[in-house]
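Source file: final-v1.txt. Holds: compact mmCIF, C-alpha atoms and all ligand atoms.
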# COMPACT_ATOMS: atom_id res chain seq x y z
CA MET R 1 -22.23 11.80 27.48
CA THR R 2 -21.39 8.16 28.24
CA ARG R 3 -18.10 7.23 26.69
CA THR R 4 -17.39 3.71 25.55
CA THR R 5 -14.24 2.33 27.09
CA LEU R 6 -12.24 -0.50 25.56
CA THR R 7 -13.45 -2.82 28.34
CA ARG R 8 -17.10 -2.06 27.63
CA PHE R 9 -16.58 -2.36 23.88
CA LEU R 10 -14.98 -5.79 24.26
CA ILE R 11 -17.72 -7.03 26.57
CA GLU R 12 -20.33 -5.87 24.07
CA GLN R 13 -18.43 -7.66 21.29
CA GLN R 14 -18.51 -10.79 23.44
CA ARG R 15 -22.30 -10.47 23.85
CA ASN R 16 -23.17 -9.62 20.25
CA ALA R 17 -23.63 -11.97 17.29
CA ASN R 18 -19.89 -12.03 16.67
CA ALA R 19 -19.46 -13.57 20.16
CA LEU R 20 -15.88 -12.51 20.75
CA PRO R 21 -14.36 -15.33 22.82
CA ALA R 22 -13.61 -14.41 26.45
CA GLU R 23 -9.97 -15.50 26.11
CA LEU R 24 -9.49 -13.18 23.15
CA ARG R 25 -11.08 -10.34 25.10
CA LEU R 26 -8.65 -10.94 27.95
CA LEU R 27 -5.74 -11.08 25.51
CA ILE R 28 -6.65 -7.72 23.94
CA GLU R 29 -7.14 -6.11 27.36
CA THR R 30 -3.70 -7.38 28.38
CA VAL R 31 -1.98 -6.09 25.25
CA ALA R 32 -3.71 -2.74 25.68
CA ARG R 33 -2.52 -2.57 29.28
CA ALA R 34 1.05 -3.32 28.23
CA CYS R 35 0.79 -0.59 25.58
CA LYS R 36 -0.12 1.90 28.32
CA THR R 37 3.09 1.02 30.12
CA ILE R 38 5.09 1.29 26.90
CA SER R 39 3.48 4.66 26.20
CA HIS R 40 4.57 5.82 29.64
CA ALA R 41 8.16 4.65 29.05
CA VAL R 42 8.28 6.29 25.60
CA SER R 43 7.01 9.60 26.96
CA LYS R 44 9.66 9.69 29.74
CA GLY R 45 12.38 9.84 27.09
CA ALA R 46 15.77 10.95 28.38
CA LEU R 47 14.33 11.40 31.89
CA GLY R 48 13.54 7.70 32.02
CA GLU R 49 16.94 6.79 30.52
CA VAL R 50 15.15 4.85 27.80
CA LEU R 51 16.64 6.54 24.73
CA GLY R 52 19.60 5.35 22.66
CA SER R 53 20.88 2.01 21.41
CA LEU R 54 22.26 -1.15 23.00
CA ASP R 55 25.31 -3.08 21.82
CA SER R 56 23.09 -5.94 20.71
CA GLU R 57 21.67 -6.73 17.27
CA ASN R 58 18.35 -8.49 16.73
CA VAL R 59 17.73 -11.41 14.38
CA GLN R 60 16.87 -8.88 11.66
CA GLY R 61 20.46 -7.61 11.78
CA GLU R 62 19.34 -4.28 13.28
CA VAL R 63 21.00 -2.57 16.23
CA GLN R 64 18.47 -2.76 19.06
CA LYS R 65 17.26 0.41 20.69
CA LYS R 66 16.81 0.29 24.46
CA LEU R 67 13.08 0.73 23.97
CA ASP R 68 12.91 -2.21 21.52
CA VAL R 69 14.07 -4.49 24.33
CA ILE R 70 12.08 -2.79 27.11
CA ALA R 71 8.83 -2.99 25.12
CA ASN R 72 9.50 -6.60 24.15
CA GLU R 73 9.97 -7.55 27.83
CA LEU R 74 6.85 -5.63 28.87
CA LEU R 75 4.72 -7.47 26.31
CA LEU R 76 6.13 -10.88 27.32
CA ASP R 77 5.70 -10.20 31.06
CA ALA R 78 2.14 -8.92 30.65
CA ASN R 79 0.95 -11.76 28.45
CA GLU R 80 2.66 -14.91 29.71
CA TRP R 81 0.61 -15.58 32.86
CA GLY R 82 -2.99 -14.82 31.81
CA GLY R 83 -3.77 -18.26 30.36
CA HIS R 84 -4.94 -16.93 27.01
CA LEU R 85 -1.84 -17.64 24.93
CA ALA R 86 0.03 -20.75 23.84
CA ALA R 87 3.10 -18.86 22.57
CA MET R 88 4.37 -15.52 21.35
CA ALA R 89 6.77 -14.38 18.64
CA SER R 90 8.42 -11.01 18.15
CA GLU R 91 10.56 -9.06 15.75
CA GLU R 92 13.11 -8.81 18.56
CA MET R 93 13.40 -12.56 19.31
CA GLU R 94 15.03 -15.16 17.12
CA THR R 95 12.67 -17.98 18.04
CA ILE R 96 9.18 -18.32 19.48
CA TYR R 97 8.43 -17.80 23.17
CA PRO R 98 6.27 -20.70 24.41
CA ILE R 99 4.24 -19.97 27.55
CA PRO R 100 6.31 -21.32 30.48
CA ASN R 101 5.00 -24.55 32.03
CA ARG R 102 4.24 -22.85 35.33
CA TYR R 103 1.34 -21.01 33.65
CA PRO R 104 -1.80 -22.37 31.98
CA LYS R 105 -1.64 -22.51 28.20
CA GLY R 106 -4.37 -20.86 26.10
CA GLU R 107 -5.50 -21.29 22.54
CA TYR R 108 -4.03 -18.19 20.87
CA LEU R 109 -0.71 -17.24 19.33
CA MET R 110 0.43 -13.64 19.27
CA LEU R 111 3.05 -11.97 17.12
CA PHE R 112 4.26 -8.44 17.72
CA ASP R 113 6.55 -5.64 16.69
CA PRO R 114 7.19 -4.15 20.16
CA ILE R 115 8.41 -0.80 18.84
CA ASP R 116 7.77 0.04 15.23
CA GLY R 117 9.68 2.97 13.78
CA SER R 118 12.40 2.71 16.39
CA SER R 119 14.77 4.93 14.37
CA ASN R 120 12.37 7.72 15.36
CA ILE R 121 12.57 7.22 19.14
CA ASP R 122 15.59 9.42 19.70
CA VAL R 123 14.17 12.30 17.63
CA ASP R 124 10.76 12.37 19.33
CA LEU R 125 8.66 11.29 16.38
CA SER R 126 5.77 8.84 16.58
CA VAL R 127 6.50 5.18 17.18
CA GLY R 128 4.09 2.34 17.89
CA THR R 129 3.43 -1.29 18.79
CA ILE R 130 1.86 -3.66 16.23
CA PHE R 131 0.26 -7.00 17.12
CA SER R 132 -1.38 -9.90 15.31
CA VAL R 133 -3.38 -12.75 16.86
CA LEU R 134 -3.82 -16.25 15.40
CA LYS R 135 -5.54 -19.36 16.72
CA ALA R 136 -3.10 -22.09 17.70
CA PRO R 137 -3.74 -25.16 15.48
CA GLU R 138 -5.83 -27.76 17.30
CA ALA R 139 -3.09 -30.27 16.63
CA CYS R 140 -0.77 -28.50 19.06
CA ALA R 141 -2.94 -29.17 22.14
CA GLY R 142 -0.99 -31.52 24.40
CA ARG R 143 2.39 -30.90 22.76
CA ASP R 144 4.86 -28.02 22.62
CA VAL R 145 4.08 -25.19 20.22
CA THR R 146 6.50 -24.97 17.30
CA GLU R 147 7.43 -22.22 14.88
CA GLU R 148 5.43 -24.04 12.17
CA ASP R 149 2.25 -23.49 14.19
CA PHE R 150 2.69 -19.76 13.56
CA LEU R 151 3.12 -20.12 9.81
CA GLN R 152 -0.46 -19.34 8.84
CA THR R 153 -1.56 -16.79 6.25
CA GLY R 154 -2.81 -13.37 7.36
CA ARG R 155 -6.37 -14.46 6.51
CA HIS R 156 -6.26 -16.60 9.66
CA GLN R 157 -5.81 -13.59 11.94
CA VAL R 158 -8.60 -13.27 14.52
CA ALA R 159 -7.52 -9.85 15.74
CA ALA R 160 -4.87 -7.26 14.96
CA GLY R 161 -4.09 -3.76 16.01
CA TYR R 162 -1.53 -1.15 16.85
CA ALA R 163 -0.85 1.43 19.49
CA ILE R 164 0.64 4.70 18.32
CA TYR R 165 2.67 6.82 20.72
CA GLY R 166 2.32 10.26 19.18
CA PRO R 167 0.87 13.58 20.31
CA GLN R 168 -1.91 11.32 21.59
CA THR R 169 -1.57 7.65 22.43
CA LEU R 170 -4.12 5.68 20.42
CA LEU R 171 -5.11 2.07 20.06
CA VAL R 172 -6.48 1.01 16.68
CA LEU R 173 -8.06 -2.41 16.75
CA SER R 174 -10.00 -4.93 14.70
CA VAL R 175 -11.52 -8.24 15.75
CA GLY R 176 -12.98 -8.75 12.28
CA THR R 177 -16.02 -6.49 12.71
CA GLY R 178 -14.57 -3.20 11.44
CA VAL R 179 -11.85 -0.96 12.83
CA TYR R 180 -12.12 0.96 16.07
CA GLU R 181 -9.97 3.72 17.51
CA PHE R 182 -9.44 4.33 21.23
CA THR R 183 -7.59 7.26 22.79
CA LEU R 184 -5.70 6.84 26.05
CA ASP R 185 -7.15 9.10 28.73
CA ARG R 186 -3.98 9.52 30.74
CA GLU R 187 -5.56 11.00 33.87
CA VAL R 188 -8.02 8.15 34.22
CA GLY R 189 -5.78 5.51 32.66
CA SER R 190 -8.43 4.11 30.36
CA TRP R 191 -8.86 3.66 26.62
CA VAL R 192 -11.85 5.63 25.36
CA MET R 193 -13.44 4.95 21.98
CA THR R 194 -12.91 7.94 19.71
CA ASP R 195 -13.84 6.40 16.36
CA PRO R 196 -16.43 3.59 16.29
CA ASP R 197 -16.13 2.88 12.56
CA MET R 198 -12.82 3.73 10.90
CA LYS R 199 -13.21 3.71 7.13
CA MET R 200 -10.27 4.92 5.08
CA PRO R 201 -11.19 7.72 2.63
CA GLN R 202 -10.74 6.74 -1.03
CA GLY R 203 -9.57 8.91 -3.93
CA LYS R 204 -7.07 11.00 -1.97
CA CYS R 205 -3.89 11.92 -3.84
CA GLU R 206 -1.10 11.18 -1.39
CA PHE R 207 1.63 8.57 -1.50
CA ALA R 208 4.21 7.41 1.04
CA ILE R 209 7.45 5.83 -0.17
CA ASN R 210 11.12 6.16 0.73
CA MET R 211 12.40 7.84 -2.46
CA SER R 212 16.02 7.05 -1.59
CA ASN R 213 15.31 3.44 -2.60
CA ARG R 214 14.41 4.42 -6.15
CA ARG R 215 17.25 2.42 -7.68
CA GLN R 216 15.70 -0.79 -6.38
CA TRP R 217 12.13 -0.20 -7.58
CA SER R 218 10.59 -2.40 -10.25
CA PRO R 219 9.59 -0.75 -13.57
CA GLY R 220 5.92 -0.87 -12.46
CA VAL R 221 6.59 1.01 -9.20
CA GLU R 222 8.88 3.42 -11.04
CA ARG R 223 6.10 4.23 -13.53
CA TYR R 224 3.46 4.58 -10.81
CA ILE R 225 5.52 7.12 -8.83
CA GLU R 226 6.78 8.94 -11.92
CA GLU R 227 3.20 9.51 -13.12
CA ARG R 228 2.16 10.86 -9.71
CA VAL R 229 5.19 13.12 -9.40
CA MET R 230 4.41 14.56 -12.85
CA GLY R 231 1.29 16.06 -11.28
CA ALA R 232 -1.55 17.61 -13.25
CA LYS R 233 0.50 17.37 -16.46
CA GLY R 234 0.87 13.60 -16.11
CA PRO R 235 -1.60 10.86 -17.07
CA CYS R 236 -3.30 10.98 -13.64
CA GLY R 237 -4.30 14.59 -14.24
CA LYS R 238 -3.92 15.39 -10.54
CA ASP R 239 -1.27 16.82 -8.24
CA TYR R 240 -0.12 14.35 -5.61
CA ASN R 241 1.34 15.00 -2.19
CA MET R 242 4.04 12.88 -0.51
CA ARG R 243 4.72 11.92 3.12
CA TRP R 244 7.24 9.52 4.67
CA THR R 245 7.52 9.19 8.44
CA ALA R 246 9.69 6.03 8.56
CA SER R 247 7.32 4.64 11.19
CA MET R 248 4.94 2.27 9.45
CA VAL R 249 2.49 2.78 12.30
CA ALA R 250 2.41 6.54 11.73
CA ASP R 251 2.22 6.24 7.94
CA VAL R 252 -0.55 3.64 8.05
CA HIS R 253 -2.46 5.58 10.69
CA ARG R 254 -2.38 8.68 8.47
CA ILE R 255 -3.69 6.62 5.57
CA LEU R 256 -6.52 5.19 7.68
CA LYS R 257 -7.50 8.70 8.71
CA ARG R 258 -7.08 10.66 5.49
CA GLY R 259 -6.43 8.21 2.66
CA GLY R 260 -3.57 7.63 0.22
CA ILE R 261 -1.16 4.78 -0.42
CA PHE R 262 1.85 3.38 1.48
CA MET R 263 4.58 1.45 -0.32
CA TYR R 264 7.68 -0.42 0.74
CA PRO R 265 8.02 -2.60 -2.36
CA TYR R 266 10.23 -5.61 -3.05
CA ASP R 267 13.77 -4.85 -4.15
CA HIS R 268 13.60 -5.43 -7.90
CA ARG R 269 17.33 -6.13 -8.13
CA THR R 270 17.25 -8.96 -5.62
CA PRO R 271 14.11 -11.09 -6.10
CA GLY R 272 12.22 -11.73 -2.87
CA LYS R 273 14.18 -9.12 -0.92
CA ALA R 274 12.07 -6.66 1.04
CA LYS R 275 12.27 -4.68 4.27
CA LEU R 276 9.01 -5.11 6.14
CA ARG R 277 8.14 -8.26 8.03
CA LEU R 278 5.13 -10.32 6.93
CA MET R 279 4.10 -11.61 10.36
CA TYR R 280 4.69 -8.56 12.58
CA GLU R 281 4.02 -5.65 10.23
CA ALA R 282 2.44 -6.50 6.86
CA ASN R 283 -0.25 -8.98 7.95
CA PRO R 284 -1.69 -7.00 10.88
CA MET R 285 -1.68 -3.76 8.87
CA ALA R 286 -3.26 -5.51 5.87
CA TYR R 287 -6.00 -6.87 8.16
CA LEU R 288 -6.76 -3.37 9.50
CA ILE R 289 -6.63 -1.73 6.06
CA GLU R 290 -8.95 -4.33 4.49
CA GLN R 291 -11.33 -4.03 7.45
CA ALA R 292 -11.36 -0.25 6.85
CA GLY R 293 -12.26 -0.68 3.16
CA GLY R 294 -8.79 -0.42 1.60
CA ALA R 295 -6.50 -2.93 -0.11
CA ALA R 296 -3.14 -4.48 0.77
CA SER R 297 -0.90 -6.25 -1.74
CA ASP R 298 2.71 -7.41 -1.87
CA GLY R 299 2.74 -5.92 -5.39
CA PHE R 300 1.43 -9.15 -6.92
CA MET R 301 -1.20 -10.68 -4.62
CA PRO R 302 -3.11 -9.77 -1.46
CA ILE R 303 -0.68 -9.70 1.47
CA MET R 304 -2.98 -11.83 3.59
CA ASP R 305 -2.79 -14.66 1.02
CA VAL R 306 1.02 -14.74 0.98
CA ALA R 307 2.21 -18.11 2.31
CA ALA R 308 4.20 -17.79 5.51
CA GLN R 309 7.44 -19.74 5.25
CA GLY R 310 9.35 -18.30 8.18
CA LEU R 311 8.72 -16.25 11.28
CA HIS R 312 10.89 -13.36 10.11
CA GLN R 313 9.94 -13.51 6.44
CA ARG R 314 9.98 -10.17 4.64
CA VAL R 315 7.50 -9.03 2.04
CA GLY R 316 6.78 -6.14 -0.34
CA VAL R 317 4.02 -3.87 0.96
CA VAL R 318 1.63 -1.73 -1.10
CA LEU R 319 -1.44 -0.74 0.90
CA GLY R 320 -4.19 1.82 1.26
CA ASP R 321 -6.42 3.34 -1.42
CA THR R 322 -8.00 0.46 -3.34
CA ALA R 323 -7.74 1.96 -6.85
CA GLU R 324 -4.13 3.09 -6.29
CA VAL R 325 -3.08 -0.34 -5.02
CA GLU R 326 -4.76 -1.90 -8.06
CA ALA R 327 -2.86 0.55 -10.31
CA VAL R 328 0.50 -0.49 -8.82
CA VAL R 329 -0.34 -4.18 -9.30
CA ALA R 330 -1.56 -3.56 -12.90
CA TYR R 331 1.55 -1.53 -13.81
CA GLY R 332 3.67 -4.37 -12.45
CA ARG R 333 1.87 -6.90 -14.65
CA GLU R 334 2.12 -4.67 -17.72
CA ALA R 335 5.84 -4.22 -17.20
CA GLU R 336 6.52 -7.97 -17.02
P1 LIG F 401 11.18 -1.27 13.01
O1 LIG F 401 11.47 0.02 13.70
O2 LIG F 401 10.13 -2.11 13.71
O3 LIG F 401 12.40 -2.07 12.67
O4 LIG F 401 10.41 -0.96 11.65
C1 LIG F 401 10.91 0.07 10.80
C2 LIG F 401 10.22 -0.05 9.50
C3 LIG F 401 8.88 0.66 9.39
O5 LIG F 401 8.34 1.16 10.56
C4 LIG F 401 9.13 1.79 8.42
O6 LIG F 401 8.07 1.91 7.52
C5 LIG F 401 10.40 1.42 7.73
O7 LIG F 401 11.07 0.52 8.53
C6 LIG F 401 11.27 2.61 7.47
O8 LIG F 401 12.34 2.20 6.72
P2 LIG F 401 13.39 3.24 6.08
O9 LIG F 401 14.21 3.76 7.23
O10 LIG F 401 14.18 2.36 5.14
O11 LIG F 401 12.61 4.32 5.38
MN MN F 402 13.53 -3.14 14.05
MN MN F 403 8.40 -2.26 12.52
MN MN F 404 10.30 -2.88 15.69
Here is a file; write its structure as C-alpha cells.
Ligand code: AHG
Ligand code: MN
Ligand code: MN
Ligand code: MN
Amino acid sequence: MTRTTLTRFLIEQQRNANALPAELRLLIETVARACKTISHAVSKGALGEVLGSLDSENVQGEVQKKLDVIANELLLDANEWGGHLAAMASEEMETIYPIPNRYPKGEYLMLFDPIDGSSNIDVDLSVGTIFSVLKAPEACAGRDVTEEDFLQTGRHQVAAGYAIYGPQTLLVLSVGTGVYEFTLDREVGSWVMTDPDMKMPQGKCEFAINMSNRRQWSPGVERYIEERVMGAKGPCGKDYNMRWTASMVADVHRILKRGGIFMYPYDHRTPGKAKLRLMYEANPMAYLIEQAGGAASDGFMPIMDVAAQGLHQRVGVVLGDTAEVEAVVAYGREAE
C-alpha cells in the first residue's frame, strides 16, 4: 500500500485546483519539521532535562515552563531563514518577531502557541503546538511589519493546524480544503496521512468544560450545563458524558474524532474577560472545526468574525457540535 506523506500531500495540493502556493507549502513543511523536534524534546522528559518551570513569566502573566521556551525557540529558528514569512508572533513573546534583515522576507505571517496545555507537561499528559497562518497585507511590502498587520479576523487564515504530542504524535492540518490528519512515523521520520477527510461526528452527548469556574459562567452557560448534567430526566432527554484534559489541543482533537462540545466561556462577572487567546488558540481551532463540519462561537458570534484588537486578546470559546454550539448561543440570548 502506498502511503501519502505530508510532502506528497502538499505537492498534490499545489498541483490541484486549489493551487496551494509554493511558499505556503514550504512554510507548512517547516512547521511540521519543527514539531518533530518538539515531539522529540517532549518525549525525552526528565532524561532531556526539559521538565519543570523557569523563573520567568510570559506576557500572559503565566510562569513559563522550560518547554514553552524551548518550543518557542525551535519554531523561531526553523522558520526565520526559509524566506516564506514576513514575521511571527507567539503566546510566549510580548511583541512580534519580524524576520531579521539578513534573511529574505516572505508574504506570510504566522502565529503560534508553542506548547499548548503546558500545565500537563510535568504529569505526562498530552500537550501540543497550535499554529495559524495569515497573508501579510500588501501594504507592508517595502516597510517593517507591525503588530497591526497581524490584526486580521480568523476568516483571513490561509492555513491552520496543530501537532499533538500524545501516545502518538499527530499533525492535524487544514489549508482550506478540509482537515487532514498525519501520524509521525518515528522510525522513518516522516508524517504519514492517517485520515484524509476529518469530519467531526454530530449528535454525540459529551461536553468539556472546567467545572471549577462555575461561579463565573453566564446564566445561558449555566442553564446549558445544568440541563446536560440532569441527564435523561432533563429537557435534553439524554445522558451526557464529561471530559476535561486542560490541554485545548487534546480536548479539541477528541471532539474532532468523536464529537461533542468544548467550552471555555467568557467570565460573566467581568465583561470581556476570558482565558483562551484569540490569535493563537481560538482562531486556528475554529478554522479546523468549521472545516470539519462543526461550529465555533465566542458565545455570541462566530469566533472567526471576532475583530482582532490586540495580539494577545482573549476570547470566550464554545466549539464543536453544531447544534450544541447553537444551543449555547440561543440560551445566552434568551437569558439576556
Ligand atoms: P497554554 O498551556 O498554552 O497556556 O494553554 C492552556 C489553556 C488550554 O490549553 C486549556 O484548554 C486551558 O488553558 C486549561 O485551563 P484550566 O487550567 O483553567 O482548565
Ligand atoms: Mn501558557
Ligand atoms: Mn494554549
Ligand atoms: Mn502555550
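What separates atom CA of R:Asn58 from atom CA of R:Glu92 is a distance of 5.6 Å.
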**OP:** Write out as a ChimeraX atom specification each polymer residue whose atoms come within 12 Å of R:Pro167, counting only C-alpha atoms; drop sequence neighbours fewer than 6 positions from it.
**Re:** /R:39,42-43,124-128,183-184,250
I need the residues from that last selection saved to file as a PDB file, in the frame of the given file (with C-alpha atoms), if you can.
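Below is the file part_2.pdb, written as the result:
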ATOM      1  CA  SER R  39       3.480   4.660  26.200  1.00  0.00           C
ATOM      2  CA  VAL R  42       8.280   6.290  25.600  1.00  0.00           C
ATOM      3  CA  SER R  43       7.010   9.600  26.960  1.00  0.00           C
ATOM      4  CA  ASP R 124      10.760  12.370  19.330  1.00  0.00           C
ATOM      5  CA  LEU R 125       8.660  11.290  16.380  1.00  0.00           C
ATOM      6  CA  SER R 126       5.770   8.840  16.580  1.00  0.00           C
ATOM      7  CA  VAL R 127       6.500   5.180  17.180  1.00  0.00           C
ATOM      8  CA  GLY R 128       4.090   2.340  17.890  1.00  0.00           C
ATOM      9  CA  THR R 183      -7.590   7.260  22.790  1.00  0.00           C
ATOM     10  CA  LEU R 184      -5.700   6.840  26.050  1.00  0.00           C
ATOM     11  CA  ALA R 250       2.410   6.540  11.730  1.00  0.00           C
TER      12      ALA R 250
END
Return as a tab-separated table the residues of stretch 182-244 of chain R lying at most 10 Å from stretch 308-329 of chain R, together with the closest atom-to-atom pair for each and the distance in Å to one decimal, counting only C-alpha atoms, with rows in chain order and ascending residue number.
residue	atom	partner	partner_atom	distance
R:Met200	CA	R:Asp321	CA	7.7
R:Pro201	CA	R:Asp321	CA	7.6
R:Gln202	CA	R:Asp321	CA	5.5
R:Gly203	CA	R:Asp321	CA	6.9
R:Lys204	CA	R:Asp321	CA	7.7
R:Cys205	CA	R:Glu324	CA	9.2
R:Glu206	CA	R:Asp321	CA	9.5
R:Phe207	CA	R:Glu324	CA	9.3
R:Ala208	CA	R:Val318	CA	9.7
R:Ile209	CA	R:Val318	CA	9.6
R:Gly220	CA	R:Val328	CA	6.5
R:Val221	CA	R:Val328	CA	6.3
R:Glu222	CA	R:Val328	CA	9.5
R:Arg223	CA	R:Val328	CA	8.7
R:Tyr224	CA	R:Val328	CA	6.2
R:Ile225	CA	R:Val328	CA	9.1
Those residues with C-alpha atoms, as a short mmCIF file (atom, residue, chain, number, x, y, z; two decimals), keeping the file's coordinate frame please?
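Listing of out-v2.cif after writing:
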data_model
loop_
_atom_site.label_atom_id
_atom_site.label_comp_id
_atom_site.auth_asym_id
_atom_site.auth_seq_id
_atom_site.Cartn_x
_atom_site.Cartn_y
_atom_site.Cartn_z
CA MET R 200 -10.27 4.92 5.08
CA PRO R 201 -11.19 7.72 2.63
CA GLN R 202 -10.74 6.74 -1.03
CA GLY R 203 -9.57 8.91 -3.93
CA LYS R 204 -7.07 11.00 -1.97
CA CYS R 205 -3.89 11.92 -3.84
CA GLU R 206 -1.10 11.18 -1.39
CA PHE R 207 1.63 8.57 -1.50
CA ALA R 208 4.21 7.41 1.04
CA ILE R 209 7.45 5.83 -0.17
CA GLY R 220 5.92 -0.87 -12.46
CA VAL R 221 6.59 1.01 -9.20
CA GLU R 222 8.88 3.42 -11.04
CA ARG R 223 6.10 4.23 -13.53
CA TYR R 224 3.46 4.58 -10.81
CA ILE R 225 5.52 7.12 -8.83
#
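Of note, atom CA of R:Lys65 and atom CA of R:Trp81 are spaced 26.1 Å apart.
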Box in all listed atoms of stretch 49-56 of chain R, axis-aligned, with 5 Å more on each side; write out centre and edge lengths in Å to one decimal as lines of an AutoDock Vina configuration file.
center_x = 20.2
center_y = 0.4
center_z = 25.6
size_x = 20.2
size_y = 22.7
size_z = 19.8
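Residue nearest R:Met304, chosen from R:Gln60, R:Lys238, R:Met193, R:His156 and counting all atoms listed in the file: R:His156.
Proximity of R:Met263, R:Leu20, R:Met279, R:Met211 to R:Ala295, computed with all atoms listed in the file, is greatest for R:Met263.
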Subject >> Best match for closeness to ligand MN 403 (chain F) among R:Val249, R:Val175, R:Leu6, R:Val192, counting only C-alpha atoms and all ligand atoms >> reply: R:Val249
Original post:
If you count all atoms listed in the file, which residues end up within 6 Å of ligand LIG 401 (chain F), as a ChimeraX atom specification?
Top reply: /R:113,115-119,210,246-248
Please, could you write that set of residues out with C-alpha atoms as a PDB file, in the coordinates of the input?
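After the write, part-v1.pdb holds the following:
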ATOM      1  CA  ASP R 113       6.550  -5.640  16.690  1.00  0.00           C
ATOM      2  CA  ILE R 115       8.410  -0.800  18.840  1.00  0.00           C
ATOM      3  CA  ASP R 116       7.770   0.040  15.230  1.00  0.00           C
ATOM      4  CA  GLY R 117       9.680   2.970  13.780  1.00  0.00           C
ATOM      5  CA  SER R 118      12.400   2.710  16.390  1.00  0.00           C
ATOM      6  CA  SER R 119      14.770   4.930  14.370  1.00  0.00           C
ATOM      7  CA  ASN R 210      11.120   6.160   0.730  1.00  0.00           C
ATOM      8  CA  ALA R 246       9.690   6.030   8.560  1.00  0.00           C
ATOM      9  CA  SER R 247       7.320   4.640  11.190  1.00  0.00           C
ATOM     10  CA  MET R 248       4.940   2.270   9.450  1.00  0.00           C
TER      11      MET R 248
END
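Across R:Thr169, R:Asn72, R:Thr95, R:Ser174, the tightest approach to ligand MN 402 (chain F) is made by R:Asn72 when counting only C-alpha atoms and all ligand atoms.
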Subject >> Best match for closeness to R:Asn241 among R:Leu24, R:Ser53, R:Ala136, R:Ile261, counting only C-alpha atoms >> reply: R:Ile261
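The environment of R:Gly154 within 9 Å, counting only C-alpha atoms and disregarding residues fewer than 3 places along the same chain, consists of Ser132, Leu134, Gln157, Leu278, Met279, Ala282, Asn283, Pro284, Ala286, Tyr287, Ile303, Met304, Asp305, Val306, Ala307 and Ala308 of chain R.
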**OP:** Just the residues within 8 Å of R:Leu109, please, counting all atoms listed in the file, with nothing from its chain fewer than 6 positions along; format it as a ChimeraX atom specification.
**Re:** /R:85-88,133-136,150
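Of the listed residues (R:Tyr280, R:Phe9, R:Tyr103, R:Phe131), R:Tyr280 comes nearest to ligand MN 402 (chain F); the distances count all atoms listed in the file.
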**OP:** Quick one: pull the distance between atom CA of R:Glu187 and atom CA of R:Asp77, Å, one decimal.
**Re:** 24.2 Å
Subject >> Polymer residues at most 12 Å from R:Leu51, all atoms listed in the file, same-chain spacing of 3 or more positions, as number ranges by chain >> reply: R: 41-48, 54, 64-70, 118-124
